[in-house]
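> Quick one: the structure is below, and I'll ask about it shortly.
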Amino acid sequence: MNTGELVELAQQLRVDSVRAAAAAGSGHPTSSMSAADLMAVLLAHHYRYDFDRPEHPGNDRFVLSKGHASPLLYSAYKAAGAVDDEELLTFRENGSRLEGHPTPRRLKWVETATGSLGQGLPVGVGIALSGKRLERTGYRVWVLCGDSELAEGSVWEAAEHAGHEHLDNLTAIVDVNRLGQRGPTRHGHDLDAYARRFQAFGWHTVEVDGHDVDAIGRAYGEAESTKGQPTAILARTLKGKGVADVEDREGLHGKPLKNADDAIEELGGVRDLRVEVREPSAARILHAVRAGHLELPRWDTGEEVATRDAYGQALTALGTGRGDVVALDGEVGDSTRTELFAKEHPDRYFECYIAEQQMVAAAVGLAARGWVPYAGTFAAFLTRAHDFVRMAAISGAGINLVGSHAGVAIGQDGPSQMGLEDLAMMRAVHGSTVLYPCDANQTAHLVAAMAELDGIRYLRTGRGESPVLYGPREEFPIGGSKVLRSSGDDRITLVAAGVTVPEALKAAEALDREGIPARVIDLYSVKPVDRDTLRRAAEDTGCLMTVEDHHEEGGLGDAVLDAFCDGRPVPRLVRLAVRTMPGSASPEEQLHAAGIDAESVATAVRLLVEQAIVS
């Protein structure tokens with residue numbers, strides 16, 4: 001397309017953005033209009049993509065980080081012939097593929113769900129890492145950002161990571177339209193303020209008039225030819241460009257244009273231009289990752305092994321058995337034991353440093369390219385990345401998250417290092433799987449099983465050594481549990497997971513000597529929960545007692561209640577959990593102070609017997 005045709009295409013994208021929002025009665029047309037020239041030049045001259053083959057290894061990847069500007073994206077799809085005009089006008093309707101913010105669940109051309117600002121660039125970094133370090137197919141990653149979202153710290157985690165990795169296959173296009181939701185942005189149209197920040201992280205920057213299609217084309221060409229650095233194109237634009245009533249005016253964010261017909265006429269009317277998007281280059285993955293036989297590590301019963309150690313060894317073995325497994329760590333690999341994978345499979349290991357948001361985002365980007373990522377840090381620090389986990393679920397991303405150093409059992413480090421909210425956090429994520437192994441062999445089997453699951457998978461590991469209770473051939477199906485002690489005379493059921501399983505067993509042994517038989521269930525699958533086993537235990541014993549190294553809210557106790565959420569009578573349930581704010585103490589002292597060690601469990605059961613609560 002020549003200059004005049006590009007201008008016309010940009011006007012078409014503006015008109016169609018206005019029309020889509022008007023048909024929906026909601027949306028963000030003004031945010032779409034500011035970036036229309038940027039999108040038109042990219043689509044017509046620089047983007048390489050086969051819309052009939054979104055899986056093509058040579059396809060460029062586009063991420064709309066300012067996801068609220070979805071009318072622009074859908075208008076571009078129409079111009080490329082991927083959607084028709086009738087579908088465009090179903091924007092935001094119930095059942096439409098064209099949601100208010102784009103998701104890959106509905107549209108196969110969307111790389112990741114966006115709309116929670118500050119996430120597109122971090123995920124784009126993950127995709128670019130795959131392209132540069134793993135696939136090596138030559139595709140480019142284009143991320144369209146808004147200037148408002150550059151206030152998010154996650155953007156600068158991404159900027160630093162991309163600069164450190166020299167991701168010259170990554171281009172951030174920043175639509176600097178100076179207006180956020182409630183008024184002007186922090187830096188307004190000061191492009192140099194943004195340039196200084198990107199440059200400080202090792203980026204090449206280009207400042208450009210975002211409505212000059214020729215200048216935009218030169219900027220894209222400069223990005224494509226820059227070697228050794230990612231490029232940030234900082235484009236000065238006007239929100240609502242092209243319509244006098246809304247151009248560069250405050251108070252119009254997220255609103256359809258009041259006089260849409262007049263605006264369309266002012267923009268030159270409805271058009272039906274079609275763009276022949278450039279074909280991707282012939283590409284194939286240039287290096288084959290060799291996979292071998294999966295042989296998980298084994299431990300003998302009675303050994304003392306930390307589940308974090310078992311995780312590191314199992315992940316390393318899985319990396320040998322499966323060539324699609326990659327590992328990420330938040331600069332705690334010596335503690336999470338991910339360093340074992342790094343030593344054995346350095347080409348598939350990604351050090352994300354202490355940037356948990358970027359770590360999870362990179363995992364999402366790698367998963368989008370077909371890899372099976374395992375990302376680990378302390379359980380407590382995953383809380384920082386919870387919004388990325390939530391958005392990953394919206395994307396339908398398949399990622400494995402591992403939280404180590406969970407609970408008060410870590411001991412002297414104190415509460416800032418203790419994951420005491422993680423089970424609740426991960427259970428609340430849509431479609432998630434939450435696993436909490438108690439011994440090494442169980443851990444190894446669950447690590448391998450996670451690779452075959454869909455959605456968000458979370459594994460909780462412990463710091464201290466724990467006894468190996470299961471043989472290496474034992475099986476641990478997802479959604480299952482293990483009954484470790486049982487008799488026809490059981491008067492109570494102790495439900496434990498992880499570090500509290502050995503404590504529950506010790507308590508049961510002490511109680512049995514006193515004539516109080518107790519059943520013990522290892523509920524290693526916290527979500528989905530083993531409903532049948534719990535219901536049977538409730539029928540047999542009449543009372544369940546959960547013992548968890550976690551806050552009471554949202555953890556093991558609530559997971560047990562899920563077994564009775566279909567209208568069945570809820571059994572008597574007693575919860576032992578961490579209810580006070582711990583300090584520094586030994587692991588044994590911590591468990592006792594929280595009331596979840598063997599002595600405390602046995603005492604709690606005796607009290608129930610004395611009160612005739614347990615028959």
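Starting from 1 in every chain, residues are counted up; chains themselves are A, B, ... following the order of the structure tokens, and ligands are numbered from 1 as listed.
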From segment 198-357 of chain A, collect each residue whose DSSP state is helix (DSSP H, G or I) and return the set as a ChimeraX atom specification.
/A:198-200,213-225,260-266,307-321,333-336,339-344,346-348,356-357
> Env of Glu351 of chain A: 12 Å cut, atoms = only C-alpha atoms, seq-sep filter 2 positions within chain, self excluded. Answer as a PyMOL selection string.
chain A and resi 126+129+161+164-165+326-334+338-339+341-342+346-349+353-356+358-360+362-363+374-377
> Filtering to N, CA and C atoms, could you give me those residues as a short mmCIF file (atom, residue, chain, number, x, y, z; two decimals), in the first residue's frame?

data_model
loop_
_atom_site.label_atom_id
_atom_site.label_comp_id
_atom_site.auth_asym_id
_atom_site.auth_seq_id
_atom_site.Cartn_x
_atom_site.Cartn_y
_atom_site.Cartn_z
N GLY A 126 8.10 -13.53 27.24
CA GLY A 126 8.13 -14.99 27.26
C GLY A 126 8.06 -15.59 25.87
N LEU A 129 11.37 -14.98 24.18
CA LEU A 129 12.37 -15.91 24.69
C LEU A 129 12.28 -17.25 23.98
N HIS A 161 14.19 -7.54 31.79
CA HIS A 161 14.46 -8.91 31.37
C HIS A 161 14.76 -8.97 29.87
N HIS A 164 18.20 -7.57 29.22
CA HIS A 164 19.24 -8.50 29.68
C HIS A 164 19.41 -9.66 28.71
N GLU A 165 18.31 -10.13 28.13
CA GLU A 165 18.36 -11.27 27.21
C GLU A 165 18.61 -10.86 25.76
N VAL A 326 10.19 -26.96 30.20
CA VAL A 326 11.12 -25.87 30.49
C VAL A 326 10.93 -25.48 31.95
N ALA A 327 11.95 -24.86 32.52
CA ALA A 327 11.89 -24.47 33.92
C ALA A 327 12.26 -23.00 34.08
N LEU A 328 11.56 -22.33 34.99
CA LEU A 328 11.83 -20.94 35.31
C LEU A 328 11.95 -20.82 36.82
N ASP A 329 12.78 -19.88 37.26
CA ASP A 329 12.95 -19.70 38.70
C ASP A 329 13.15 -18.22 39.01
N GLY A 330 12.75 -17.85 40.22
CA GLY A 330 12.84 -16.46 40.66
C GLY A 330 14.07 -16.20 41.51
N GLU A 331 15.22 -16.64 41.04
CA GLU A 331 16.52 -16.43 41.68
C GLU A 331 16.61 -17.07 43.06
N VAL A 332 15.88 -18.17 43.22
CA VAL A 332 15.96 -18.94 44.47
C VAL A 332 16.14 -20.43 44.13
N GLY A 333 16.77 -20.69 42.99
CA GLY A 333 16.90 -22.06 42.51
C GLY A 333 17.65 -22.97 43.44
N ASP A 334 18.56 -22.40 44.26
CA ASP A 334 19.26 -23.24 45.21
C ASP A 334 18.34 -23.67 46.35
N THR A 338 15.35 -25.95 41.78
CA THR A 338 15.27 -25.87 40.32
C THR A 338 16.66 -25.83 39.70
N GLU A 339 17.66 -25.50 40.49
CA GLU A 339 19.03 -25.45 39.98
C GLU A 339 19.48 -26.81 39.45
N PHE A 341 17.69 -28.80 37.60
CA PHE A 341 17.26 -28.78 36.20
C PHE A 341 18.20 -27.90 35.39
N ALA A 342 18.57 -26.74 35.95
CA ALA A 342 19.43 -25.80 35.24
C ALA A 342 20.76 -26.44 34.86
N PRO A 346 20.48 -26.72 30.65
CA PRO A 346 20.65 -25.26 30.69
C PRO A 346 19.95 -24.53 29.56
N ASP A 347 19.79 -25.19 28.41
CA ASP A 347 19.14 -24.52 27.28
C ASP A 347 17.66 -24.32 27.50
N ARG A 348 17.08 -25.08 28.44
CA ARG A 348 15.64 -24.95 28.70
C ARG A 348 15.36 -24.37 30.09
N TYR A 349 16.34 -23.70 30.64
CA TYR A 349 16.18 -23.08 31.96
C TYR A 349 16.21 -21.56 31.80
N TYR A 353 15.25 -14.04 37.91
CA TYR A 353 15.67 -13.19 39.02
C TYR A 353 14.46 -12.89 39.91
N ILE A 354 14.59 -11.92 40.81
CA ILE A 354 13.50 -11.69 41.77
C ILE A 354 12.45 -10.80 41.12
N ALA A 355 11.74 -11.39 40.18
CA ALA A 355 10.70 -10.69 39.43
C ALA A 355 9.59 -11.70 39.17
N GLU A 356 8.80 -11.95 40.21
CA GLU A 356 7.82 -13.03 40.14
C GLU A 356 6.75 -12.80 39.08
N GLN A 358 7.17 -11.25 36.19
CA GLN A 358 7.77 -11.60 34.91
C GLN A 358 7.98 -13.10 34.79
N MET A 359 8.29 -13.77 35.88
CA MET A 359 8.47 -15.21 35.83
C MET A 359 7.19 -15.91 35.39
N VAL A 360 6.07 -15.56 36.01
CA VAL A 360 4.81 -16.19 35.64
C VAL A 360 4.41 -15.79 34.23
N ALA A 362 6.39 -14.97 31.75
CA ALA A 362 7.24 -15.70 30.81
C ALA A 362 6.76 -17.13 30.66
N ALA A 363 6.31 -17.73 31.76
CA ALA A 363 5.75 -19.08 31.69
C ALA A 363 4.53 -19.10 30.79
N TYR A 374 7.51 -25.07 34.11
CA TYR A 374 7.45 -25.21 35.56
C TYR A 374 8.14 -23.97 36.14
N ALA A 375 7.41 -23.17 36.88
CA ALA A 375 7.96 -21.93 37.43
C ALA A 375 7.91 -22.00 38.94
N GLY A 376 9.06 -21.77 39.60
CA GLY A 376 9.10 -21.95 41.05
C GLY A 376 9.72 -20.79 41.79
N THR A 377 9.19 -20.56 42.97
CA THR A 377 9.75 -19.63 43.94
C THR A 377 9.17 -19.98 45.30
#
> Let me make sure I understand: among A:Val141, A:Ala507, A:Ala40, A:Val529, which one has the smallest atom-to-atom distance to Ser432 of chain A if we use only C-alpha atoms?
A:Val529
> Residues within 9 Å of segment 476-489 of chain A, please, as a list of chain:residue names. Count only C-alpha atoms; anything in the same chain fewer than 4 positions from it doesn't count.
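My list of contacting residues is A:Thr433, A:Leu435, A:Gln442, A:His445, A:Leu446, A:Ala449, A:Met450, A:Thr493, A:Leu505, A:Ala508, A:Ile516, A:Pro517, A:Ala518, A:Arg519, A:Val520, A:Ile521, A:Asp522, A:Leu523, A:Tyr524, A:Ser525, A:Val526, A:Lys527, A:Pro528, A:Val529, A:Asp530, A:Arg531, A:Thr533, A:Asp540, A:Thr541.
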> Apply DSSP to the backbone of this structure and, from segment 347-394 of chain A, keep only the residues in strand (DSSP E); write these as a list in words.
Tyr349, Phe350, Glu351, Val372, Pro373, Tyr374, Ala375, Gly376, Thr377 and Phe378 of chain A
> Separation of atom CA of Asp214 of chain A and atom CA of Thr226 of chain A, in Å?
18.6 Å
> Smallest atom-to-atom distance to Arg308 of chain A: which of A:Arg427, A:Arg97, A:Arg535, A:Arg337, using only C-alpha atoms?
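For Arg308 of chain A, the nearest of the candidates is A:Arg337.
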